[in-house]
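One file, start33.txt, carrying compact mmCIF, C-alpha atoms:
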# COMPACT_ATOMS: atom_id res chain seq x y z
CA MET A 1 1.38 5.45 -32.03
CA THR A 2 -0.39 3.52 -29.29
CA ASP A 3 -3.40 1.24 -29.79
CA LYS A 4 -5.59 4.02 -28.36
CA ARG A 5 -4.31 6.49 -30.96
CA LEU A 6 -4.94 3.92 -33.69
CA GLU A 7 -8.52 3.52 -32.46
CA LEU A 8 -9.05 7.29 -32.43
CA LEU A 9 -7.61 7.63 -35.94
CA ILE A 10 -9.81 4.87 -37.40
CA GLY A 11 -12.85 6.18 -35.49
CA ALA A 12 -12.24 9.69 -36.89
CA THR A 13 -11.84 8.31 -40.44
CA LEU A 14 -15.19 6.53 -40.21
CA ARG A 15 -16.90 9.54 -38.65
CA ILE A 16 -15.63 12.07 -41.21
CA GLY A 17 -16.55 9.76 -44.11
CA VAL A 18 -20.04 9.13 -42.79
CA ILE A 19 -20.69 12.82 -42.15
CA ALA A 20 -19.43 13.80 -45.62
CA ALA A 21 -21.66 11.15 -47.21
CA ALA A 22 -24.73 12.19 -45.20
CA VAL A 23 -24.24 15.91 -45.92
CA LEU A 24 -23.84 15.30 -49.67
CA ALA A 25 -26.92 13.07 -49.77
CA ALA A 26 -28.99 15.55 -47.73
CA VAL A 27 -27.95 18.49 -49.96
CA GLY A 28 -28.81 16.46 -53.06
CA GLY A 29 -32.13 15.52 -51.47
CA GLY A 30 -32.84 19.21 -50.82
CA PHE A 31 -32.09 20.05 -54.47
CA LEU A 32 -34.37 17.23 -55.57
CA LEU A 33 -37.28 18.54 -53.48
CA PHE A 34 -36.76 22.09 -54.76
CA SER A 35 -36.62 21.06 -58.39
CA GLY A 36 -39.72 18.98 -57.76
CA VAL A 37 -39.75 15.25 -58.41
CA PRO A 38 -41.30 15.14 -61.92
CA SER A 39 -43.83 12.37 -61.37
CA LYS A 40 -44.15 9.64 -58.80
CA PRO A 41 -41.26 7.39 -59.76
CA ASP A 42 -42.09 3.74 -60.36
CA PHE A 43 -39.56 1.43 -58.73
CA GLY A 44 -41.68 -1.66 -59.26
CA ARG A 45 -40.05 -2.14 -62.64
CA PHE A 46 -36.29 -2.36 -62.84
CA LEU A 47 -34.99 0.03 -65.46
CA GLY A 48 -31.45 0.30 -64.13
CA GLU A 49 -29.85 3.69 -63.82
CA PRO A 50 -28.88 6.15 -66.56
CA ALA A 51 -25.22 5.78 -67.52
CA TYR A 52 -24.20 8.98 -65.73
CA LEU A 53 -25.20 7.45 -62.37
CA THR A 54 -23.39 4.11 -62.73
CA THR A 55 -19.75 5.12 -63.09
CA VAL A 56 -17.69 7.04 -60.57
CA ALA A 57 -16.50 9.51 -63.25
CA GLY A 58 -20.04 10.11 -64.46
CA ILE A 59 -21.32 10.60 -60.92
CA PHE A 60 -18.61 13.18 -60.21
CA ARG A 61 -19.41 15.05 -63.42
CA SER A 62 -23.15 15.18 -62.81
CA ALA A 63 -22.71 16.12 -59.13
CA PHE A 64 -20.44 19.04 -59.97
CA SER A 65 -22.84 20.24 -62.65
CA GLY A 66 -25.45 20.53 -59.89
CA ASN A 67 -27.62 17.53 -60.81
CA ALA A 68 -29.59 16.57 -57.68
CA ARG A 69 -29.48 12.81 -58.31
CA GLY A 70 -25.79 13.09 -59.12
CA ILE A 71 -25.11 14.78 -55.76
CA ILE A 72 -27.03 12.10 -53.83
CA GLN A 73 -25.23 9.39 -55.80
CA LEU A 74 -21.89 11.03 -54.97
CA GLY A 75 -22.88 10.81 -51.30
CA LEU A 76 -23.56 7.09 -51.77
CA VAL A 77 -20.20 6.60 -53.50
CA VAL A 78 -18.49 8.39 -50.60
CA LEU A 79 -20.31 6.05 -48.19
CA ILE A 80 -19.24 2.95 -50.15
CA SER A 81 -15.64 4.20 -50.13
CA VAL A 82 -15.58 4.66 -46.33
CA PRO A 83 -14.65 1.02 -45.48
CA ILE A 84 -12.03 1.00 -48.24
CA VAL A 85 -10.47 4.26 -47.02
CA ARG A 86 -10.58 2.86 -43.49
CA VAL A 87 -8.48 -0.14 -44.58
CA ALA A 88 -6.02 2.17 -46.38
CA VAL A 89 -5.69 4.41 -43.30
CA SER A 90 -5.13 1.33 -41.09
CA LEU A 91 -2.38 0.17 -43.45
CA ALA A 92 -0.65 3.55 -43.20
CA ALA A 93 -0.98 3.51 -39.41
CA PHE A 94 0.39 -0.03 -39.00
CA ALA A 95 3.29 0.83 -41.34
CA PHE A 96 3.98 4.02 -39.37
CA ARG A 97 4.22 1.88 -36.22
CA LYS A 98 6.55 -0.52 -38.04
CA ASP A 99 4.07 -3.26 -37.17
CA TRP A 100 4.99 -5.31 -40.22
CA LEU A 101 2.82 -8.33 -39.41
CA TYR A 102 -0.37 -6.28 -39.37
CA SER A 103 0.84 -4.05 -42.21
CA ALA A 104 1.06 -7.20 -44.32
CA VAL A 105 -2.36 -8.45 -43.17
CA THR A 106 -3.95 -5.08 -43.96
CA ALA A 107 -2.18 -4.85 -47.32
CA VAL A 108 -3.65 -8.23 -48.28
CA VAL A 109 -7.17 -7.03 -47.39
CA LEU A 110 -6.66 -3.85 -49.42
CA ALA A 111 -5.29 -5.82 -52.38
CA LEU A 112 -8.29 -8.20 -52.28
CA LEU A 113 -10.66 -5.22 -52.21
CA VAL A 114 -8.95 -3.63 -55.19
CA VAL A 115 -9.03 -6.93 -57.10
CA SER A 116 -12.74 -7.43 -56.41
CA LEU A 117 -13.60 -3.86 -57.38
CA ALA A 118 -11.44 -3.95 -60.50
CA THR A 119 -12.61 -7.31 -61.80
CA GLY A 120 -16.26 -6.72 -60.89
CA ARG A 121 -15.90 -9.60 -58.42
CA MET B 1 -40.13 7.93 -48.44
CA ALA B 2 -41.06 8.47 -44.79
CA ILE B 3 -41.87 4.75 -44.45
CA VAL B 4 -38.52 3.82 -45.94
CA ALA B 5 -36.73 6.22 -43.59
CA ALA B 6 -38.58 4.89 -40.52
CA GLY B 7 -37.91 1.26 -41.46
CA SER B 8 -34.29 2.11 -42.12
CA ILE B 9 -33.92 3.64 -38.66
CA GLY B 10 -35.11 0.30 -37.30
CA ALA B 11 -32.65 -1.53 -39.55
CA GLY B 12 -29.75 0.62 -38.36
CA LEU B 13 -30.79 0.15 -34.74
CA LEU B 14 -31.02 -3.63 -35.01
CA GLY B 15 -27.90 -3.89 -37.16
CA SER B 16 -25.75 -1.93 -34.73
CA LEU B 17 -27.00 -4.00 -31.76
CA THR B 18 -26.50 -7.42 -33.36
CA GLY B 19 -23.51 -6.97 -35.68
CA LEU B 20 -25.67 -7.88 -38.69
CA GLY B 21 -26.27 -5.70 -41.73
CA GLY B 22 -29.93 -4.75 -41.59
CA GLY B 23 -30.73 -6.20 -45.02
CA ILE B 24 -33.25 -8.45 -43.26
CA ILE B 25 -35.41 -5.37 -42.67
CA VAL B 26 -34.58 -3.25 -45.70
CA ILE B 27 -35.16 -5.90 -48.40
CA PRO B 28 -38.61 -7.12 -47.25
CA LEU B 29 -39.69 -3.53 -46.48
CA LEU B 30 -38.89 -2.38 -50.00
CA THR B 31 -40.00 -5.45 -51.94
CA LEU B 32 -43.00 -6.77 -49.98
CA ALA B 33 -44.40 -3.60 -48.41
CA LEU B 34 -43.61 -1.05 -51.12
CA GLY B 35 -43.37 -3.18 -54.26
CA VAL B 36 -39.87 -2.04 -55.19
CA ASP B 37 -37.98 -4.31 -57.62
CA ILE B 38 -35.63 -6.77 -55.85
CA ARG B 39 -32.59 -5.37 -57.67
CA TYR B 40 -33.12 -1.86 -56.28
CA ALA B 41 -33.70 -3.50 -52.89
CA ILE B 42 -30.39 -5.39 -53.11
CA GLY B 43 -28.61 -2.13 -53.87
CA ALA B 44 -30.35 -0.49 -50.90
CA SER B 45 -29.40 -3.42 -48.68
CA LEU B 46 -25.75 -2.95 -49.61
CA VAL B 47 -26.01 0.75 -48.73
CA SER B 48 -27.67 -0.26 -45.45
CA VAL B 49 -24.86 -2.66 -44.52
CA ILE B 50 -22.12 -0.11 -45.19
CA ALA B 51 -24.03 2.65 -43.37
CA THR B 52 -24.65 0.45 -40.29
CA SER B 53 -21.07 -0.69 -40.26
CA SER B 54 -19.46 2.74 -40.67
CA GLY B 55 -21.97 4.65 -38.54
CA ALA B 56 -21.86 2.39 -35.49
CA ALA B 57 -18.23 1.32 -35.79
CA ALA B 58 -17.07 4.93 -35.53
CA ALA B 59 -18.36 4.88 -31.94
CA TYR B 60 -17.43 1.25 -31.18
CA VAL B 61 -13.82 1.69 -32.31
CA ARG B 62 -13.35 4.90 -30.35
CA GLU B 63 -14.79 3.43 -27.18
CA GLY B 64 -12.56 0.37 -27.41
CA PHE B 65 -15.12 -2.38 -28.08
CA VAL B 66 -13.84 -3.36 -31.52
CA ASN B 67 -10.75 -5.55 -31.63
CA ILE B 68 -9.09 -4.03 -34.70
CA ARG B 69 -6.42 -6.75 -34.97
CA ILE B 70 -8.96 -9.56 -34.98
CA GLY B 71 -11.05 -7.57 -37.44
CA MET B 72 -8.17 -7.04 -39.87
CA PHE B 73 -7.02 -10.64 -39.60
CA LEU B 74 -10.46 -12.11 -40.19
CA GLU B 75 -11.19 -9.71 -43.05
CA VAL B 76 -8.53 -11.56 -45.04
CA ALA B 77 -10.61 -14.72 -44.65
CA THR B 78 -14.03 -13.17 -45.37
CA VAL B 79 -13.01 -11.05 -48.34
CA SER B 80 -11.09 -13.88 -50.03
CA GLY B 81 -14.01 -16.20 -49.22
CA ALA B 82 -16.41 -13.71 -50.82
CA LEU B 83 -14.30 -13.59 -53.99
CA LEU B 84 -14.19 -17.39 -54.11
CA GLY B 85 -17.94 -17.65 -53.47
CA ALA B 86 -18.83 -15.21 -56.24
CA PHE B 87 -16.58 -17.22 -58.59
CA ALA B 88 -18.08 -20.55 -57.50
CA ALA B 89 -21.68 -19.27 -57.70
CA ALA B 90 -21.94 -20.49 -61.29
CA TYR B 91 -21.12 -24.10 -60.33
CA ILE B 92 -22.85 -24.64 -56.99
CA PRO B 93 -26.60 -25.06 -56.36
CA ALA B 94 -27.27 -21.99 -54.21
CA SER B 95 -30.68 -23.26 -53.03
CA ALA B 96 -29.20 -26.28 -51.24
CA ILE B 97 -26.59 -24.05 -49.60
CA ALA B 98 -29.33 -21.67 -48.44
CA VAL B 99 -31.18 -24.52 -46.72
CA VAL B 100 -28.02 -25.66 -44.92
CA PHE B 101 -27.23 -22.07 -43.91
CA GLY B 102 -30.79 -21.69 -42.61
CA LEU B 103 -30.43 -24.82 -40.47
CA VAL B 104 -27.10 -23.59 -39.08
CA LEU B 105 -28.70 -20.28 -38.07
CA LEU B 106 -31.73 -21.94 -36.46
CA TYR B 107 -29.44 -24.23 -34.47
CA SER B 108 -27.28 -21.26 -33.42
CA ALA B 109 -30.38 -19.37 -32.32
CA TYR B 110 -31.43 -22.38 -30.22
CA VAL B 111 -27.99 -22.67 -28.61
CA GLY B 112 -27.91 -18.91 -28.05
CA ILE B 113 -31.28 -18.87 -26.28
CA ARG B 114 -30.43 -21.91 -24.16
CA GLY B 115 -27.17 -20.42 -22.93
CA TYR B 116 -28.66 -16.97 -22.56
CA GLY B 117 -27.61 -14.53 -19.90
CA ALA B 118 -24.04 -15.64 -19.60
CA ASP B 119 -21.10 -14.19 -21.43
CA ASN B 120 -18.07 -16.27 -22.32
CA PRO B 121 -15.88 -16.90 -19.27
CA VAL B 122 -12.28 -15.73 -19.54
CA VAL B 123 -10.35 -18.52 -21.24
CA ALA B 124 -6.68 -19.46 -20.96
CA PRO B 125 -4.54 -17.61 -23.50
CA ASP B 126 -4.00 -19.41 -26.78
CA ASN B 127 -0.46 -19.58 -28.18
CA LEU B 128 -1.21 -18.33 -31.69
CA ALA B 129 -3.62 -15.61 -30.55
CA THR B 130 -0.99 -14.37 -28.12
CA ARG B 131 1.67 -14.23 -30.80
CA LEU B 132 -0.74 -12.32 -33.04
CA ARG B 133 -1.43 -9.96 -30.09
CA MET B 134 -5.17 -10.51 -30.36
CA ASN B 135 -5.96 -10.69 -26.64
CA GLY B 136 -7.59 -7.45 -25.59
CA ALA B 137 -9.76 -5.48 -23.22
CA TYR B 138 -13.15 -3.84 -23.48
CA PRO B 139 -15.23 -1.44 -21.37
CA SER B 140 -18.01 -2.88 -19.22
CA ALA B 141 -20.19 -1.71 -16.34
CA GLY B 142 -17.60 -3.02 -13.88
CA GLY B 143 -14.68 -1.26 -15.56
CA VAL B 144 -12.28 -2.42 -18.24
CA ARG B 145 -12.33 -6.19 -18.65
CA LEU B 146 -9.49 -8.24 -20.13
CA TYR B 147 -10.10 -11.23 -22.37
CA ASN B 148 -8.14 -13.87 -24.26
CA VAL B 149 -8.80 -15.32 -27.68
CA ARG B 150 -8.78 -19.00 -28.66
CA SER B 151 -8.96 -21.14 -31.78
CA VAL B 152 -7.79 -18.59 -34.31
CA VAL B 153 -7.48 -21.14 -37.13
CA PRO B 154 -10.97 -22.71 -36.81
CA GLY B 155 -12.37 -19.19 -36.37
CA MET B 156 -10.72 -18.10 -39.61
CA GLY B 157 -12.09 -21.20 -41.32
CA LEU B 158 -15.66 -20.31 -40.37
CA MET B 159 -14.98 -16.70 -41.44
CA ALA B 160 -13.85 -17.88 -44.87
CA PHE B 161 -17.02 -20.00 -45.04
CA ALA B 162 -19.05 -16.89 -44.09
CA GLY B 163 -17.36 -14.99 -46.91
CA ILE B 164 -18.05 -17.80 -49.41
CA LEU B 165 -21.73 -17.77 -48.41
CA SER B 166 -21.97 -14.02 -48.87
CA GLY B 167 -20.41 -14.31 -52.31
CA LEU B 168 -22.60 -17.29 -53.21
CA LEU B 169 -25.94 -16.09 -51.89
CA GLY B 170 -25.39 -12.36 -52.20
CA ILE B 171 -26.21 -11.84 -48.53
CA GLY B 172 -24.31 -10.26 -45.70
CA SER B 173 -22.73 -12.84 -43.44
CA GLY B 174 -22.73 -10.93 -40.17
CA ALA B 175 -24.51 -13.79 -38.38
CA LEU B 176 -21.74 -16.31 -39.06
CA LYS B 177 -19.08 -13.73 -38.22
CA VAL B 178 -20.60 -13.17 -34.79
CA ILE B 179 -21.04 -16.93 -34.23
CA ALA B 180 -17.41 -17.62 -35.20
CA MET B 181 -16.05 -15.05 -32.76
CA ASP B 182 -18.51 -15.74 -29.94
CA ARG B 183 -18.79 -19.54 -30.08
CA ILE B 184 -15.44 -20.65 -31.47
CA MET B 185 -12.94 -17.97 -30.54
CA LYS B 186 -14.62 -17.36 -27.15
CA ILE B 187 -14.50 -13.60 -27.52
CA PRO B 188 -16.90 -11.59 -25.27
CA PHE B 189 -20.28 -11.11 -26.93
CA LYS B 190 -20.13 -7.32 -27.23
CA VAL B 191 -16.65 -7.50 -28.73
CA SER B 192 -17.91 -10.15 -31.19
CA THR B 193 -20.90 -8.13 -32.42
CA THR B 194 -19.03 -4.80 -32.61
CA THR B 195 -16.07 -6.37 -34.41
CA SER B 196 -18.49 -8.04 -36.84
CA ASN B 197 -20.11 -4.64 -37.33
CA PHE B 198 -16.68 -3.20 -38.08
CA MET B 199 -15.97 -5.93 -40.66
CA ILE B 200 -19.24 -6.23 -42.62
CA GLY B 201 -18.72 -2.87 -44.32
CA VAL B 202 -15.53 -4.13 -45.95
CA THR B 203 -17.16 -7.34 -47.20
CA ALA B 204 -20.05 -5.28 -48.61
CA ALA B 205 -17.76 -2.69 -50.22
CA ALA B 206 -16.01 -5.52 -52.08
CA GLY B 207 -19.21 -6.17 -54.02
CA ALA B 208 -20.31 -2.54 -54.36
CA GLY B 209 -18.67 -1.76 -57.69
CA VAL B 210 -20.71 -4.41 -59.48
CA TYR B 211 -24.03 -3.27 -58.07
CA LEU B 212 -23.27 0.36 -58.90
CA ASN B 213 -22.37 -0.53 -62.50
CA ARG B 214 -25.45 -2.69 -62.95
CA GLY B 215 -27.67 0.22 -61.91
CA TYR B 216 -28.92 -1.36 -58.64
CA VAL B 217 -28.05 1.78 -56.65
CA ASP B 218 -30.81 4.38 -57.11
CA PRO B 219 -30.35 7.79 -55.46
CA VAL B 220 -34.06 8.30 -54.68
CA VAL B 221 -34.50 4.82 -53.13
CA ASP B 222 -31.22 4.89 -51.22
CA LEU B 223 -31.29 8.44 -49.83
CA PRO B 224 -33.85 7.68 -47.06
CA VAL B 225 -32.22 4.26 -46.48
CA MET B 226 -28.80 5.77 -45.91
CA LEU B 227 -29.92 8.64 -43.68
CA GLY B 228 -32.33 6.41 -41.74
CA VAL B 229 -29.80 3.64 -41.16
CA LEU B 230 -27.13 6.13 -40.06
CA ALA B 231 -29.53 7.68 -37.54
CA GLY B 232 -30.57 4.24 -36.27
CA SER B 233 -27.00 3.03 -35.94
CA LEU B 234 -26.00 6.11 -33.94
CA VAL B 235 -28.83 5.47 -31.47
CA GLY B 236 -28.01 1.73 -31.43
CA SER B 237 -24.36 2.35 -30.64
CA ARG B 238 -25.40 4.44 -27.61
CA ILE B 239 -27.69 1.64 -26.41
CA LEU B 240 -25.18 -1.19 -26.85
CA THR B 241 -22.65 0.53 -24.59
CA LYS B 242 -25.05 0.28 -21.65
CA ALA B 243 -27.07 -2.80 -22.61
CA ARG B 244 -26.82 -6.09 -20.73
CA THR B 245 -25.14 -8.87 -22.67
CA GLY B 246 -28.00 -11.28 -21.93
CA ALA B 247 -30.53 -8.97 -23.58
CA LEU B 248 -28.31 -8.52 -26.64
CA ARG B 249 -27.96 -12.30 -26.93
CA VAL B 250 -31.74 -12.73 -26.99
CA ILE B 251 -32.16 -10.05 -29.68
CA PHE B 252 -29.40 -11.68 -31.71
CA ALA B 253 -30.95 -15.16 -31.37
CA ILE B 254 -34.38 -13.91 -32.48
CA VAL B 255 -32.95 -12.10 -35.49
CA ILE B 256 -30.84 -15.03 -36.69
CA ALA B 257 -33.80 -17.38 -36.23
CA LEU B 258 -35.80 -15.12 -38.57
CA VAL B 259 -32.93 -14.96 -41.07
CA GLY B 260 -32.60 -18.75 -40.84
CA MET B 261 -36.28 -19.30 -41.59
CA GLU B 262 -36.14 -16.86 -44.49
CA MET B 263 -33.10 -18.67 -45.91
CA MET B 264 -34.78 -22.08 -45.64
CA TYR B 265 -37.97 -20.77 -47.24
CA LYS B 266 -36.08 -19.19 -50.12
CA GLY B 267 -33.91 -22.27 -50.53
CA LEU B 268 -36.83 -24.73 -50.50
CA SER B 269 -38.92 -22.61 -52.85
CA GLY B 270 -35.94 -22.37 -55.19
CA ARG B 271 -35.68 -18.61 -55.10
CA PHE B 272 -31.90 -18.50 -55.35
Structure re-expressed in structure tokens:
Amino acid sequence: MTDKRLELLIGATLRIGVIAAAVLAAVGGGFLLFSGVPSKPDFGRFLGEPAYLTTVAGIFRSAFSGNARGIIQLGLVVLISVPIVRVAVSLAAFAFRKDWLYSAVTAVVLALLVVSLATGR
Amino acid sequence: MAIVAAGSIGAGLLGSLTGLGGGIIVIPLLTLALGVDIRYAIGASLVSVIATSSGAAAAYVREGFVNIRIGMFLEVATVSGALLGAFAAAYIPASAIAVVFGLVLLYSAYVGIRGYGADNPVVAPDNLATRLRMNGAYPSAGGVRLYNVRSVVPGMGLMAFAGILSGLLGIGSGALKVIAMDRIMKIPFKVSTTTSNFMIGVTAAAGAGVYLNRGYVDPVVDLPVMLGVLAGSLVGSRILTKARTGALRVIFAIVIALVGMEMMYKGLSGRF
């Protein structure tokens, strides 16, 4: 795999992730408009989010049950995962090229990301 | 919602042109203009950073602006710095740090404006950068241009510092990333901003789990932010390809001057 191929692969990863996220969010937004936003929501006070919108498992469940907010939130989770997936894809590509120096560098980045996500910083 | 979307388009546009995250537009727009609680705004800012980064970088990587090796290498420094900064946040007075950071940005803006117009001249290859195969090429109006990279170790040091600041202050650190690559490592300006753009998404994603769990990420607030920023970053990535480096430098200097003033104000008024 040449550097150009690597660039195309990473570019495609980012593009597919972004499109998937945008489509999910737009579909969820459409659902939300159809179901009618109950009342003008007040974001001036911080109430946090209901539990089903704060964990990845809960977001998946609510999205697949057709909840509009759940679908938008799933789009946001997909968006947040794009940089992480990009690092994982880069690791696979560097390993495929037997570029061990950059495989190691990328593995360290991925490990740090996993640590920070797992420990909540 | 339309106002948020329009402002977010602007944030995506500016973010993709400067290599910064766009939080500088999204946070004041939501909190000051629309009265949204700061915690929802922080969540939206995180979404904005990742959307700018992923949306614009898809184009920048494909067209050969981003130096992926430099990006990967420096991500080690920023992400570990961010972890360290978040850990140290409990022990360090963040307000004092914010004032220092503000001064650094104002000085960088001044230096950037004074040296405006010129891009970094091609420097002699550096031993370490050559062994790490960081020297690269990027497209320009006059065809593909080669460049060398210098001072990898000091550059990484400033990157780690940028990461610590982002962990400590909860802000994106795109400005310091660009400054480290442009000023210290002598990388061409467009490569510096696009590589910063490529990297900021990873730094932001590192903190995303916490914000999601704390309920800072609201679907109704963030939907127009995400779609607006993505649209803006797509337009911005088209513009950057053709833009003159001098013009981009001026935009960058103005934006970091504003961020610097905001940091100093927040630091001096003890809002960290």
Which neighbours of segment 22-27 of chain A fall inside 7 Å, counting all atoms listed in the file, when residues of the same chain fewer than 6 positions from it are skipped, and could you give them as a list in words?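 The contact residues come out as Ile71, Ile72 and Gly75 of chain A; Leu223 and Leu227 of chain B.
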Have a look at A:Ala93, A:Leu8, A:Ala21, A:Ala111 and name the one nearest to chain B; count only C-alpha atoms.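 Counting only C-alpha atoms, the residue closest to chain B is A:Leu8.
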For chain B, which residues have at least one atom within 6 Å of chain A, if we go by only C-alpha atoms? Write them as a list in words, please. Gly35, Val36, Asp37, Ser54, Ala58, Val61, Arg62, Val76, Gly201, Val202, Ala205, Ala206, Gly209, Val210, Leu212, Asn213, Gly215 and Pro219 of chain B
Report the distance between atom CA of Ile3 of chain B and atom CA of Ala41 of chain B in Å, rounded to one decimal place. 14.4 Å
For Phe87 of chain B, the closest of B:Val217, B:Met199, B:Ile239, B:Leu168 counting only C-alpha atoms is B:Leu168
What box, with edges along x, y and z, holds each listed atom of segment 46-51 of chain A when 3 Å is added on every side, and can you state its centre and edge lengths in Å to one decimal, as lines of an AutoDock Vina configuration file?
center_x = -30.8
center_y = 1.9
center_z = -65.2
size_x = 17.1
size_y = 14.5
size_z = 10.7
Show me, as a VMD selection string, the residues that have an atom within 9 Å of Val99 of chain B when counting all atoms listed in the file, minus same-chain residues fewer than 6 positions from it. chain B and resid 260 to 261 263 to 268
Skip Arg133 of chain B itself and residues of its chain fewer than 4 positions away, then list as a PDB file with C-alpha atoms, in the coordinates of the input all residues within 12 Å of it, counting only C-alpha atoms.
ATOM      1  CA  ASP A   3      -3.400   1.240 -29.790  1.00  0.00           C
ATOM      2  CA  ASP A  99       4.070  -3.260 -37.170  1.00  0.00           C
ATOM      3  CA  LEU A 101       2.820  -8.330 -39.410  1.00  0.00           C
ATOM      4  CA  TYR A 102      -0.370  -6.280 -39.370  1.00  0.00           C
TER       5      TYR A 102
ATOM      6  CA  ASN B  67     -10.750  -5.550 -31.630  1.00  0.00           C
ATOM      7  CA  ILE B  68      -9.090  -4.030 -34.700  1.00  0.00           C
ATOM      8  CA  ARG B  69      -6.420  -6.750 -34.970  1.00  0.00           C
ATOM      9  CA  ILE B  70      -8.960  -9.560 -34.980  1.00  0.00           C
ATOM     10  CA  PHE B  73      -7.020 -10.640 -39.600  1.00  0.00           C
ATOM     11  CA  PRO B 125      -4.540 -17.610 -23.500  1.00  0.00           C
ATOM     12  CA  ASP B 126      -4.000 -19.410 -26.780  1.00  0.00           C
ATOM     13  CA  ASN B 127      -0.460 -19.580 -28.180  1.00  0.00           C
ATOM     14  CA  LEU B 128      -1.210 -18.330 -31.690  1.00  0.00           C
ATOM     15  CA  ALA B 129      -3.620 -15.610 -30.550  1.00  0.00           C
ATOM     16  CA  ALA B 137      -9.760  -5.480 -23.220  1.00  0.00           C
ATOM     17  CA  TYR B 147     -10.100 -11.230 -22.370  1.00  0.00           C
ATOM     18  CA  ASN B 148      -8.140 -13.870 -24.260  1.00  0.00           C
ATOM     19  CA  VAL B 149      -8.800 -15.320 -27.680  1.00  0.00           C
ATOM     20  CA  ARG B 150      -8.780 -19.000 -28.660  1.00  0.00           C
ATOM     21  CA  VAL B 152      -7.790 -18.590 -34.310  1.00  0.00           C
TER      22      VAL B 152
END
Radius query 9 Å about (-27.6, 4.2, -43.9), atoms used: all atoms listed in the file, as a PyMOL selection string: (chain A and resi 22+79) or (chain B and resi 8-9+11-12+44+47-55+222-233)
Quote the spacing between atom CA of Phe60 of chain A and atom CA of Arg214 of chain B in Å to one decimal place.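 Separating atom CA of Phe60 of chain A from atom CA of Arg214 of chain B is a distance of 17.5 Å.
Here atom CA of Thr195 of chain B and atom CA of Gly71 of chain B stand 6.0 Å from one another.
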